[in-house]
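Structure file entry-v6.txt (compact mmCIF, C-alpha atoms) follows.
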# COMPACT_ATOMS: atom_id res chain seq x y z
CA MET A 1 -22.71 -21.45 5.78
CA ILE A 2 -25.28 -22.27 8.47
CA GLY A 3 -27.42 -19.63 10.19
CA GLU A 4 -25.26 -19.44 13.32
CA ASP A 5 -22.12 -18.86 11.28
CA PHE A 6 -23.82 -16.14 9.24
CA VAL A 7 -24.93 -14.36 12.41
CA ARG A 8 -21.35 -14.48 13.72
CA LEU A 9 -19.94 -13.20 10.41
CA ALA A 10 -22.45 -10.34 10.19
CA LEU A 11 -21.74 -9.38 13.81
CA GLN A 12 -17.98 -9.41 13.21
CA LEU A 13 -18.23 -7.25 10.09
CA ALA A 14 -20.58 -4.80 11.81
CA ILE A 15 -18.27 -4.40 14.81
CA MET A 16 -15.18 -4.07 12.62
CA LEU A 17 -16.80 -1.49 10.35
CA ALA A 18 -18.08 0.57 13.28
CA CYS A 19 -14.67 0.46 14.95
CA GLY A 20 -12.93 1.46 11.72
CA VAL A 21 -15.31 4.35 11.03
CA VAL A 22 -14.93 5.76 14.55
CA GLY A 23 -11.15 5.38 14.52
CA GLY A 24 -10.89 6.97 11.09
CA ALA A 25 -13.08 9.90 12.14
CA CYS A 26 -10.93 10.50 15.21
CA MET A 27 -7.76 10.59 13.11
CA ARG A 28 -9.30 12.97 10.58
CA ARG A 29 -10.05 15.41 13.40
CA LEU A 30 -6.35 15.26 14.23
CA HIS A 31 -5.50 15.94 10.55
CA GLN A 32 -4.11 12.44 10.09
CA PRO A 33 -4.99 9.77 7.48
CA ALA A 34 -8.06 7.71 8.39
CA VAL A 35 -6.18 4.46 7.85
CA LEU A 36 -4.15 5.10 11.00
CA GLY A 37 -7.33 5.25 13.05
CA GLU A 38 -8.65 2.11 11.38
CA MET A 39 -5.45 0.25 12.21
CA LEU A 40 -5.44 1.49 15.81
CA GLY A 41 -9.11 0.54 16.07
CA GLY A 42 -8.25 -2.97 14.98
CA ILE A 43 -5.47 -3.17 17.56
CA LEU A 44 -7.93 -2.09 20.28
CA LEU A 45 -10.54 -4.56 19.02
CA GLY A 46 -8.11 -7.46 18.65
CA PRO A 47 -6.20 -9.69 21.07
CA THR A 48 -3.88 -6.82 22.07
CA VAL A 49 -6.52 -4.93 24.11
CA PHE A 50 -10.05 -6.37 23.87
CA GLY A 51 -8.80 -9.96 23.96
CA TRP A 52 -6.63 -9.15 26.97
CA LEU A 53 -9.31 -7.30 28.95
CA TRP A 54 -12.25 -9.62 28.14
CA PRO A 55 -10.81 -12.87 26.74
CA ALA A 56 -14.05 -14.85 27.00
CA VAL A 57 -16.09 -12.23 25.12
CA TYR A 58 -13.36 -11.81 22.52
CA ALA A 59 -13.15 -15.57 21.96
CA GLU A 60 -16.93 -15.82 21.58
CA THR A 61 -17.01 -12.96 19.09
CA PHE A 62 -13.89 -13.35 16.94
CA VAL A 63 -12.37 -16.79 17.55
CA ASN A 64 -14.46 -18.94 15.26
CA GLY A 65 -14.45 -21.86 12.89
CA ASP A 66 -12.81 -22.09 9.51
CA SER A 67 -15.96 -21.29 7.54
CA VAL A 68 -16.51 -17.86 9.13
CA ALA A 69 -12.82 -16.97 8.94
CA ALA A 70 -12.66 -18.02 5.28
CA VAL A 71 -15.66 -15.92 4.24
CA ARG A 72 -14.39 -12.92 6.21
CA GLY A 73 -11.03 -13.33 4.51
CA VAL A 74 -12.68 -13.24 1.09
CA VAL A 75 -14.53 -10.02 2.00
CA VAL A 76 -11.28 -8.46 3.22
CA GLN A 77 -9.32 -9.47 0.10
CA LEU A 78 -12.08 -8.24 -2.21
CA GLY A 79 -11.96 -4.91 -0.43
CA MET A 80 -8.29 -4.53 -1.22
CA LEU A 81 -8.95 -5.08 -4.92
CA PHE A 82 -11.24 -2.03 -4.85
CA PHE A 83 -8.73 -0.05 -2.80
CA LEU A 84 -5.84 -0.71 -5.17
CA LEU A 85 -8.00 -0.02 -8.21
CA GLY A 86 -8.71 3.37 -6.62
CA VAL A 87 -5.00 3.92 -5.94
CA GLY A 88 -4.24 3.20 -9.58
CA LEU A 89 -6.95 5.60 -10.74
CA GLU A 90 -5.26 8.37 -8.74
CA ILE A 91 -1.93 7.82 -10.49
CA ASP A 92 -1.45 10.24 -13.37
CA LEU A 93 1.41 9.14 -15.60
CA LYS A 94 1.38 12.58 -17.23
CA GLU A 95 2.97 13.87 -14.03
CA LEU A 96 6.08 11.87 -14.89
CA ARG A 97 6.49 13.70 -18.18
CA ARG A 98 5.83 17.09 -16.59
CA SER A 99 8.25 16.56 -13.69
CA GLY A 100 11.01 15.02 -15.78
CA LEU A 101 14.39 13.95 -14.44
CA ALA A 102 13.88 15.34 -10.94
CA ALA A 103 10.91 13.03 -10.25
CA ILE A 104 12.73 10.06 -11.76
CA ALA A 105 15.82 10.74 -9.64
CA ILE A 106 13.86 11.08 -6.38
CA GLY A 107 11.59 8.11 -7.10
CA VAL A 108 14.28 5.70 -8.24
CA THR A 109 16.84 6.70 -5.60
CA GLY A 110 14.17 6.74 -2.89
CA SER A 111 13.28 3.16 -3.81
CA LEU A 112 16.61 1.53 -4.49
CA VAL A 113 18.61 2.91 -1.54
CA PRO A 114 16.09 1.77 1.14
CA LEU A 115 15.75 -1.51 -0.76
CA ALA A 116 19.51 -2.07 -0.51
CA ALA A 117 19.53 -0.95 3.14
CA GLY A 118 16.73 -3.37 4.03
CA MET A 119 18.50 -6.24 2.34
CA GLY A 120 21.79 -5.23 3.93
CA ILE A 121 20.52 -5.26 7.50
CA VAL A 122 19.21 -8.82 7.05
CA TYR A 123 22.70 -9.96 6.05
CA LEU A 124 24.66 -7.75 8.47
CA VAL A 125 22.61 -8.69 11.54
CA PRO A 126 21.55 -12.30 10.83
CA GLY A 127 20.80 -13.11 14.47
CA LEU A 128 17.97 -10.56 14.56
CA TRP A 129 15.75 -12.39 12.08
CA THR A 130 13.89 -15.69 12.21
CA ILE A 131 13.53 -16.80 8.61
CA PRO A 132 10.67 -19.28 8.09
CA SER A 133 11.50 -22.70 6.70
CA GLY A 134 11.12 -22.84 2.94
CA VAL A 135 12.05 -19.16 2.53
CA SER A 136 15.56 -18.36 1.39
CA ARG A 137 17.56 -15.58 3.01
CA GLU A 138 17.79 -13.82 -0.36
CA SER A 139 14.02 -13.72 -0.80
CA TYR A 140 13.47 -12.75 2.83
CA ALA A 141 15.97 -9.90 2.55
CA LEU A 142 14.38 -8.68 -0.67
CA PHE A 143 10.94 -8.58 0.97
CA ILE A 144 12.24 -6.55 3.93
CA GLY A 145 13.87 -4.20 1.43
CA VAL A 146 10.63 -3.77 -0.54
CA CYS A 147 8.76 -2.85 2.66
CA MET A 148 11.38 -0.23 3.49
CA ALA A 149 11.32 1.18 -0.05
CA ASN A 150 7.56 1.78 -0.04
CA THR A 151 5.97 5.27 -0.09
CA ALA A 152 2.29 5.88 0.70
CA ASN A 153 0.81 7.72 -2.27
CA PRO A 154 -2.58 8.54 -0.67
CA VAL A 155 -0.99 9.78 2.58
CA LEU A 156 1.41 11.98 0.65
CA ALA A 157 -1.45 13.47 -1.39
CA ARG A 158 -3.31 14.32 1.82
CA ILE A 159 -0.24 15.99 3.35
CA LEU A 160 0.41 18.08 0.23
CA THR A 161 -3.24 19.18 0.24
CA ASP A 162 -2.99 20.22 3.90
CA VAL A 163 0.08 22.39 3.24
CA GLY A 164 -1.50 23.91 0.12
CA LEU A 165 0.97 22.42 -2.35
CA PHE A 166 -0.95 19.62 -4.02
CA LYS A 167 -1.63 21.64 -7.20
CA GLU A 168 1.73 23.43 -7.20
CA ARG A 169 4.79 22.33 -9.15
CA LEU A 170 6.40 20.98 -6.01
CA GLY A 171 3.33 18.87 -5.29
CA GLY A 172 3.40 17.48 -8.82
CA LEU A 173 7.10 16.68 -8.48
CA VAL A 174 6.63 14.78 -5.21
CA MET A 175 3.57 12.88 -6.43
CA ALA A 176 5.37 11.89 -9.63
CA ALA A 177 8.30 10.59 -7.56
CA ALA A 178 5.84 8.63 -5.41
CA ILE A 179 4.28 7.12 -8.55
CA ILE A 180 7.69 5.84 -9.65
CA ASP A 181 8.27 4.53 -6.12
CA ASP A 182 4.92 2.67 -6.19
CA ILE A 183 5.54 1.08 -9.58
CA ILE A 184 9.02 -0.09 -8.58
CA GLY A 185 7.83 -1.36 -5.20
CA TRP A 186 4.86 -3.36 -6.49
CA SER A 187 6.86 -4.80 -9.35
CA LEU A 188 9.54 -5.94 -6.91
CA LEU A 189 6.88 -7.41 -4.61
CA ALA A 190 5.53 -9.44 -7.51
CA ILE A 191 9.05 -10.73 -8.12
CA VAL A 192 9.57 -11.50 -4.43
CA LEU A 193 6.36 -13.50 -4.06
CA ALA A 194 7.36 -15.78 -6.94
CA GLY A 195 10.50 -16.72 -5.04
CA PHE A 196 8.46 -18.38 -2.29
CA LYS A 197 6.79 -20.93 -4.57
CA PRO A 198 7.93 -24.44 -3.62
CA THR A 199 8.44 -25.34 -7.30
CA ALA A 200 11.05 -22.62 -7.80
CA ALA A 201 14.39 -24.19 -8.67
CA SER A 202 16.36 -21.28 -7.23
CA VAL A 203 15.79 -17.71 -6.16
CA ALA A 204 17.96 -16.37 -8.99
CA SER A 205 16.19 -18.29 -11.75
CA ALA A 206 12.75 -17.58 -10.25
CA ALA A 207 13.54 -13.89 -9.96
CA THR A 208 14.80 -13.70 -13.53
CA LEU A 209 11.71 -15.46 -14.84
CA GLN A 210 9.41 -13.30 -12.74
CA VAL A 211 11.01 -10.06 -13.91
CA ALA A 212 10.04 -11.08 -17.43
CA VAL A 213 6.56 -12.12 -16.29
CA VAL A 214 5.96 -8.78 -14.55
CA ILE A 215 7.19 -6.77 -17.55
CA VAL A 216 5.04 -8.78 -19.96
CA PHE A 217 2.02 -8.56 -17.64
CA ILE A 218 2.34 -4.78 -17.35
CA ALA A 219 2.70 -4.42 -21.12
CA ILE A 220 -0.30 -6.67 -21.86
CA THR A 221 -2.45 -4.97 -19.22
CA LEU A 222 -1.70 -1.51 -20.60
CA LEU A 223 -2.24 -2.68 -24.19
CA MET A 224 -5.49 -4.54 -23.46
CA THR A 225 -6.82 -1.66 -21.39
CA ARG A 226 -6.09 0.98 -23.99
CA CYS A 227 -7.29 -1.16 -26.93
CA VAL A 228 -10.24 -3.02 -25.36
CA VAL A 229 -11.30 -1.83 -21.90
CA SER A 230 -11.17 1.94 -22.47
CA PRO A 231 -13.20 1.75 -25.74
CA LEU A 232 -15.74 -0.49 -23.99
CA LEU A 233 -16.05 2.03 -21.17
CA ARG A 234 -16.75 4.80 -23.68
CA VAL A 235 -19.47 2.68 -25.28
CA ALA A 236 -20.84 1.74 -21.87
CA ARG A 237 -21.12 5.41 -21.00
CA GLN A 238 -23.69 5.72 -23.79
CA CYS A 239 -25.41 2.33 -23.65
CA LEU A 240 -25.51 1.23 -19.99
CA PRO A 241 -27.33 2.81 -17.04
CA TRP A 242 -25.30 5.62 -15.47
CA PRO A 243 -23.35 5.15 -13.32
CA THR A 244 -24.37 1.64 -12.17
CA GLY A 245 -23.87 -0.22 -15.45
CA TYR A 246 -20.67 1.67 -16.15
CA LEU A 247 -19.27 0.76 -12.74
CA SER A 248 -20.29 -2.87 -13.17
CA LEU A 249 -18.12 -3.09 -16.28
CA ILE A 250 -15.18 -1.60 -14.36
CA VAL A 251 -15.66 -4.18 -11.58
CA VAL A 252 -15.72 -7.00 -14.17
CA ALA A 253 -12.42 -5.70 -15.59
CA MET A 254 -10.99 -5.43 -12.07
CA LEU A 255 -11.86 -9.04 -11.19
CA LEU A 256 -10.42 -10.31 -14.48
CA ALA A 257 -7.21 -8.32 -13.88
CA ALA A 258 -6.93 -9.75 -10.35
CA ALA A 259 -7.50 -13.30 -11.59
CA SER A 260 -4.97 -12.84 -14.39
CA SER A 261 -2.23 -11.50 -12.12
CA GLU A 262 -2.81 -14.29 -9.58
CA TYR A 263 -2.74 -16.90 -12.36
CA CYS A 264 0.57 -15.48 -13.58
CA GLY A 265 2.04 -16.05 -10.12
CA ILE A 266 2.32 -12.34 -9.28
CA HIS A 267 -0.40 -11.35 -6.79
CA ALA A 268 -4.10 -10.64 -7.20
CA PHE A 269 -3.55 -7.09 -5.87
CA PHE A 270 -1.17 -6.17 -8.71
CA GLY A 271 -3.74 -6.55 -11.49
CA PRO A 272 -6.28 -3.96 -10.23
CA LEU A 273 -3.46 -1.50 -9.50
CA MET A 274 -2.18 -1.70 -13.08
CA LEU A 275 -5.72 -1.60 -14.46
CA GLY A 276 -6.41 1.58 -12.51
CA ILE A 277 -3.23 3.21 -13.84
CA ALA A 278 -4.16 2.24 -17.39
CA ILE A 279 -7.75 3.52 -17.34
CA SER A 280 -7.14 6.58 -15.18
CA PRO A 281 -7.10 9.03 -18.15
CA SER A 282 -10.58 7.93 -19.29
CA MET A 283 -11.90 7.79 -15.73
CA ARG A 284 -10.85 11.38 -15.14
CA GLU A 285 -13.49 12.29 -17.71
CA GLN A 286 -16.07 10.39 -15.65
CA ARG A 287 -15.47 11.95 -12.25
CA GLU A 288 -18.93 11.07 -10.97
CA ALA A 289 -18.38 7.35 -11.54
CA HIS A 290 -14.90 7.59 -10.06
CA ALA A 291 -16.31 9.26 -6.94
CA VAL A 292 -18.99 6.57 -6.52
CA LEU A 293 -16.42 3.79 -6.81
CA GLU A 294 -14.09 5.48 -4.34
CA GLN A 295 -16.86 6.17 -1.83
CA PHE A 296 -18.05 2.57 -2.02
CA ALA A 297 -14.58 1.19 -1.33
CA LEU A 298 -13.63 3.72 1.36
CA SER A 299 -16.92 3.47 3.24
CA PHE A 300 -17.08 -0.33 3.58
CA PHE A 301 -14.22 -2.45 2.32
CA VAL A 302 -11.17 -0.39 3.29
CA PRO A 303 -12.05 0.16 6.98
CA ILE A 304 -12.78 -3.55 7.40
CA TYR A 305 -9.46 -4.48 5.80
CA PHE A 306 -7.31 -2.27 8.00
CA VAL A 307 -9.22 -3.20 11.14
CA SER A 308 -8.54 -6.84 10.24
CA MET A 309 -4.82 -6.04 10.10
CA GLY A 310 -5.03 -4.91 13.73
CA LEU A 311 -6.87 -8.13 14.59
CA ALA A 312 -4.17 -10.25 12.96
CA THR A 313 -1.88 -10.53 15.97
CA ASN A 314 -1.23 -9.46 19.55
CA PHE A 315 0.89 -6.32 19.18
CA ALA A 316 1.92 -6.34 22.83
CA THR A 317 3.09 -9.96 22.93
CA HIS A 318 4.92 -9.80 19.61
CA PHE A 319 6.44 -6.34 20.01
CA GLN A 320 10.20 -6.92 19.86
CA PRO A 321 12.12 -3.66 20.51
CA PRO A 322 15.38 -4.69 18.72
CA ILE A 323 13.53 -5.54 15.49
CA VAL A 324 11.27 -2.48 15.70
CA LEU A 325 14.22 -0.14 16.28
CA ALA A 326 16.31 -1.76 13.55
CA ILE A 327 13.54 -1.48 10.95
CA LEU A 328 12.54 2.06 11.97
CA ALA A 329 16.09 3.41 12.01
CA THR A 330 17.19 1.72 8.78
CA ALA A 331 14.04 2.56 6.82
CA CYS A 332 13.82 6.21 7.91
CA PHE A 333 17.51 7.01 7.60
CA SER A 334 17.92 5.40 4.17
CA LYS A 335 14.73 6.94 2.76
CA ILE A 336 15.38 10.45 4.03
CA VAL A 337 19.04 10.48 2.99
CA ALA A 338 18.27 9.07 -0.47
CA CYS A 339 15.31 11.32 -1.27
CA SER A 340 16.81 14.51 0.15
CA GLY A 341 20.08 13.87 -1.67
CA ALA A 342 18.31 13.32 -5.00
CA ALA A 343 16.16 16.40 -4.44
CA ARG A 344 19.23 18.53 -3.73
CA LEU A 345 20.88 17.32 -6.94
CA SER A 346 17.68 18.22 -8.77
CA GLY A 347 17.99 21.86 -7.73
CA LEU A 348 15.86 22.11 -4.59
CA ASP A 349 17.19 23.93 -1.53
CA ARG A 350 18.14 22.05 1.64
CA ARG A 351 14.96 22.72 3.61
CA THR A 352 12.65 21.82 0.71
CA SER A 353 14.69 18.70 -0.01
CA LEU A 354 14.26 17.54 3.58
CA ALA A 355 10.53 18.22 3.37
CA VAL A 356 10.25 16.13 0.21
CA ALA A 357 12.18 13.32 1.92
CA CYS A 358 9.93 13.42 5.00
CA GLY A 359 6.86 13.13 2.79
CA MET A 360 8.32 10.24 0.81
CA ASN A 361 9.16 8.54 4.12
CA ALA A 362 5.46 7.99 4.96
CA ARG A 363 4.52 4.31 4.45
CA GLY A 364 0.83 4.56 5.37
CA ALA A 365 -1.76 2.11 4.08
CA MET A 366 0.56 0.58 1.51
CA GLY A 367 3.09 -0.32 4.20
CA VAL A 368 0.40 -2.07 6.24
CA LEU A 369 -0.79 -3.83 3.11
CA LEU A 370 2.71 -5.10 2.33
CA ALA A 371 3.18 -6.32 5.91
CA GLY A 372 -0.12 -8.19 5.71
CA ILE A 373 0.85 -9.85 2.43
CA GLY A 374 4.13 -10.92 4.00
CA MET A 375 2.49 -12.58 7.00
CA GLU A 376 -0.34 -14.16 4.97
CA ASN A 377 2.22 -15.77 2.64
CA GLY A 378 4.39 -17.01 5.50
CA ILE A 379 7.27 -14.73 4.55
CA VAL A 380 7.65 -12.99 7.93
CA ASP A 381 6.67 -13.93 11.46
CA GLN A 382 4.42 -11.93 13.75
CA GLY A 383 7.30 -10.03 15.34
CA VAL A 384 8.45 -8.59 12.01
CA TYR A 385 4.83 -7.98 10.99
CA VAL A 386 4.34 -5.85 14.11
CA ALA A 387 7.56 -3.94 13.39
CA LEU A 388 6.48 -3.20 9.80
CA VAL A 389 3.07 -1.97 10.97
CA VAL A 390 4.74 0.26 13.57
CA LEU A 391 6.97 1.63 10.79
CA SER A 392 3.89 2.51 8.73
CA LEU A 393 2.08 4.15 11.64
CA VAL A 394 5.04 6.18 12.95
CA THR A 395 6.24 7.46 9.57
CA SER A 396 2.71 8.45 8.56
CA LEU A 397 2.07 10.28 11.84
CA VAL A 398 5.24 12.38 11.69
CA ALA A 399 5.34 13.09 7.93
CA GLY A 400 2.64 15.78 7.93
CA PRO A 401 3.91 17.85 10.89
CA LEU A 402 7.49 17.70 9.58
CA MET A 403 6.48 18.85 6.10
CA GLN A 404 4.33 21.66 7.53
CA TRP A 405 7.26 22.82 9.65
CA LEU A 406 9.78 22.66 6.81
CA LEU A 407 7.65 24.12 4.01
CA PRO A 408 5.95 27.49 3.77
CA ARG A 409 2.67 27.32 1.91
CA ARG A 410 2.74 27.57 -1.90
CA LEU A 411 6.51 27.45 -2.10
CA PRO A 412 7.70 27.74 -5.75
CA VAL A 413 9.88 24.99 -7.16
CA PRO A 414 13.31 25.88 -8.57
CA THR A 415 13.71 24.95 -12.22
CA GLY A 416 16.73 22.74 -11.75
CA SER A 417 17.56 19.40 -13.30
CA LEU A 418 20.12 16.68 -12.94

For this file, write the structure as structure tokens.
Amino acid sequence: MIGEDFVRLALQLAIMLACGVVGGACMRRLHQPAVLGEMLGGILLGPTVFGWLWPAVYAETFVNGDSVAAVRGVVVQLGMLFFLLGVGLEIDLKELRRSGLAAIAIGVTGSLVPLAAGMGIVYLVPGLWTIPSGVSRESYALFIGVCMANTANPVLARILTDVGLFKERLGGLVMAAAIIDDIIGWSLLAIVLAGFKPTAASVASAATLQVAVVIVFIAITLLMTRCVVSPLLRVARQCLPWPTGYLSLIVVAMLLAAASSEYCGIHAFFGPLMLGIAISPSMREQREAHAVLEQFALSFFVPIYFVSMGLATNFATHFQPPIVLAILATACFSKIVACSGAARLSGLDRRTSLAVACGMNARGAMGVLLAGIGMENGIVDQGVYVALVVLSLVTSLVAGPLMQWLLPRRLPVPTGSL
């Protein structure tokens, strides 16, 4: 990279980071997740607003050669590895055992019903979608379904904290259901992405093979982490500088997990997520290191990533009301009906069940991430990408106020089961 390109790259990253920090701070003051402000900041900074108002300045700043765009893309992708490692570290599988059948029912139903609804709307309204060449309708429909099935774990945790229920039984139940939702969603995404490989003989055979690959990958990751990585981390705690050397070992493991999952044809993002889930029990004993890792990712990489998602397209030009309305209505209706119905069968009252469903309906950062993966891999066009981002923003904005309205603080959870 020559000096001029480096200056342009540094300027871009500085502007993007500043815009993301300001947008995130504004959203926090409104008691909303910072990622919403980072996304909106990217939309303002991108071709939608800045590029429309001052096209010459925008072109000079952000429209550049392949070398700058490639390096910026690497920085953005690396940031998501850290983000998903952090998401995995927040997932406590013990919550699944404590919450039992109720969490399983809400998580599984809240994933599979929206998944089926998303696939159904692609088949029922075929004229609404423009499926890229080389992508089968089955794979396309499955991807739309995965995006609708997603629940934002970090957003949900923030909402439960705001209403004073994060450490209550109800909070544990909802977070456990969201964990199940995340695991199902990311496993399905790994299966979907394999279906777009040009060497795949058919969607059915590719999907069958990839199901096995995902299951084996998860099993090997958990086994290797428990038998190799976790013991190494305990030794590193005693032998390496604290916390820098300890964190370096975690980053090495993260990069190897990302490379392994990409090599297996899944996605580089899946490896760090599973690694985080596997080492989360040992990391909870090292809260200081966990906090340093989280602060590093959230202060630099994550804002740049979500600002870049706003830069990815012109949201005004590619905003298509029929697609936006179809995705919003289908995703929200299916998620709320499925989760509230499962919660009612688990013994919760009607109002609490609706509150749980509204929380599970938030797509947040994970929804934006899925939309970005879809566009980067040529699965969806810019119109559908915009609709999926709008879905994430709208559901995240309304989830908190709806839960606060439906739930009194510190509401006890009925001891019901399926």

Find the residues near Trp186 of chain A: any atom within 9 Å, counting all atoms listed in the file, skip ones fewer than 6 places away on the same chain, and give them as a PDB file with C-alpha atoms, in the frame of the given file.
ATOM      1  CA  VAL A 146      10.630  -3.770  -0.540  1.00  0.00           C
ATOM      2  CA  ASN A 150       7.560   1.780  -0.040  1.00  0.00           C
ATOM      3  CA  PHE A 270      -1.170  -6.170  -8.710  1.00  0.00           C
TER       4      PHE A 270
END

Using only C-alpha atoms - which residues lie no farther than 12 Å from the point (18.2, 15.2, -0.7) in the file's frame? Write them as an mmCIF file with C-alpha atoms, in the coordinates of the input.
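Contents of result-v7.cif, as written:
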data_model
loop_
_atom_site.group_PDB
_atom_site.id
_atom_site.type_symbol
_atom_site.label_atom_id
_atom_site.label_comp_id
_atom_site.auth_asym_id
_atom_site.auth_seq_id
_atom_site.Cartn_x
_atom_site.Cartn_y
_atom_site.Cartn_z
ATOM 1 C CA ALA A 102 13.880 15.340 -10.940
ATOM 2 C CA ALA A 105 15.820 10.740 -9.640
ATOM 3 C CA ILE A 106 13.860 11.080 -6.380
ATOM 4 C CA GLY A 107 11.590 8.110 -7.100
ATOM 5 C CA THR A 109 16.840 6.700 -5.600
ATOM 6 C CA GLY A 110 14.170 6.740 -2.890
ATOM 7 C CA PHE A 333 17.510 7.010 7.600
ATOM 8 C CA SER A 334 17.920 5.400 4.170
ATOM 9 C CA LYS A 335 14.730 6.940 2.760
ATOM 10 C CA ILE A 336 15.380 10.450 4.030
ATOM 11 C CA VAL A 337 19.040 10.480 2.990
ATOM 12 C CA ALA A 338 18.270 9.070 -0.470
ATOM 13 C CA CYS A 339 15.310 11.320 -1.270
ATOM 14 C CA SER A 340 16.810 14.510 0.150
ATOM 15 C CA GLY A 341 20.080 13.870 -1.670
ATOM 16 C CA ALA A 342 18.310 13.320 -5.000
ATOM 17 C CA ALA A 343 16.160 16.400 -4.440
ATOM 18 C CA ARG A 344 19.230 18.530 -3.730
ATOM 19 C CA LEU A 345 20.880 17.320 -6.940
ATOM 20 C CA SER A 346 17.680 18.220 -8.770
ATOM 21 C CA GLY A 347 17.990 21.860 -7.730
ATOM 22 C CA LEU A 348 15.860 22.110 -4.590
ATOM 23 C CA ASP A 349 17.190 23.930 -1.530
ATOM 24 C CA ARG A 350 18.140 22.050 1.640
ATOM 25 C CA ARG A 351 14.960 22.720 3.610
ATOM 26 C CA THR A 352 12.650 21.820 0.710
ATOM 27 C CA SER A 353 14.690 18.700 -0.010
ATOM 28 C CA LEU A 354 14.260 17.540 3.580
ATOM 29 C CA ALA A 355 10.530 18.220 3.370
ATOM 30 C CA VAL A 356 10.250 16.130 0.210
ATOM 31 C CA ALA A 357 12.180 13.320 1.920
ATOM 32 C CA CYS A 358 9.930 13.420 5.000
ATOM 33 C CA MET A 360 8.320 10.240 0.810
#

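In terms of minimum interatomic distance to Ile218 of chain A, A:Pro272 ranks closest within A:Pro33, A:Pro272, A:Gly23, A:Pro321, counting only C-alpha atoms.
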
Please work out which residues fall within 10 Å of (-15.9, -3.5, -1.7), coordinates as given in the file, with all atoms listed in the file counting, and return them as a PyMOL selection string. chain A and resi 75-83+251+293-302+304-305

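Within the 10 Å cut-off around Trp129 of chain A, using all atoms listed in the file and omitting residues fewer than 5 positions from it on the same chain, the listed residues are Ile121, Val122, Tyr123, Arg137, Tyr140, Ala141, Ile323, Val380, Asp381, Gly383 and Val384 of chain A.
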
For Val368 of chain A, which residue among A:Leu189, A:Leu160, A:Val398, A:Met39 is the nearest when counting all atoms listed in the file?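 Under the stated criterion, the closest residue is A:Met39.
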
List the spatial neighbours of Ile104 of chain A as a ChimeraX atom specification - criterion: any atom at most 7 Å away, only C-alpha atoms, same-chain residues fewer than 3 positions off excluded. /A:100-101,107-108,177,180

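Proximity to His318 of chain A was assessed for A:Asp5, A:Thr48, A:Val35, A:Leu112 counting all atoms listed in the file; the smallest distance is recorded for A:Thr48.
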
In Å, how far is it from atom CA of Val49 of chain A to atom CA of Ser67 of chain A? 25.1 Å

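Reported to one decimal place, the separation of atom CA of Ala18 of chain A from atom CA of Ser392 of chain A is 22.5 Å.
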
Could you please determine the separation between atom CA of Gly310 of chain A and atom CA of Leu142 of chain A in Å, to one decimal place?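 Computing the Euclidean distance for atom CA of Gly310 of chain A and atom CA of Leu142 of chain A yields 24.5 Å.
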
With distances taken over only C-alpha atoms, the candidate from A:Leu11, A:Leu53, A:Ile277, A:Ala25 nearest Val87 of chain A is A:Ile277
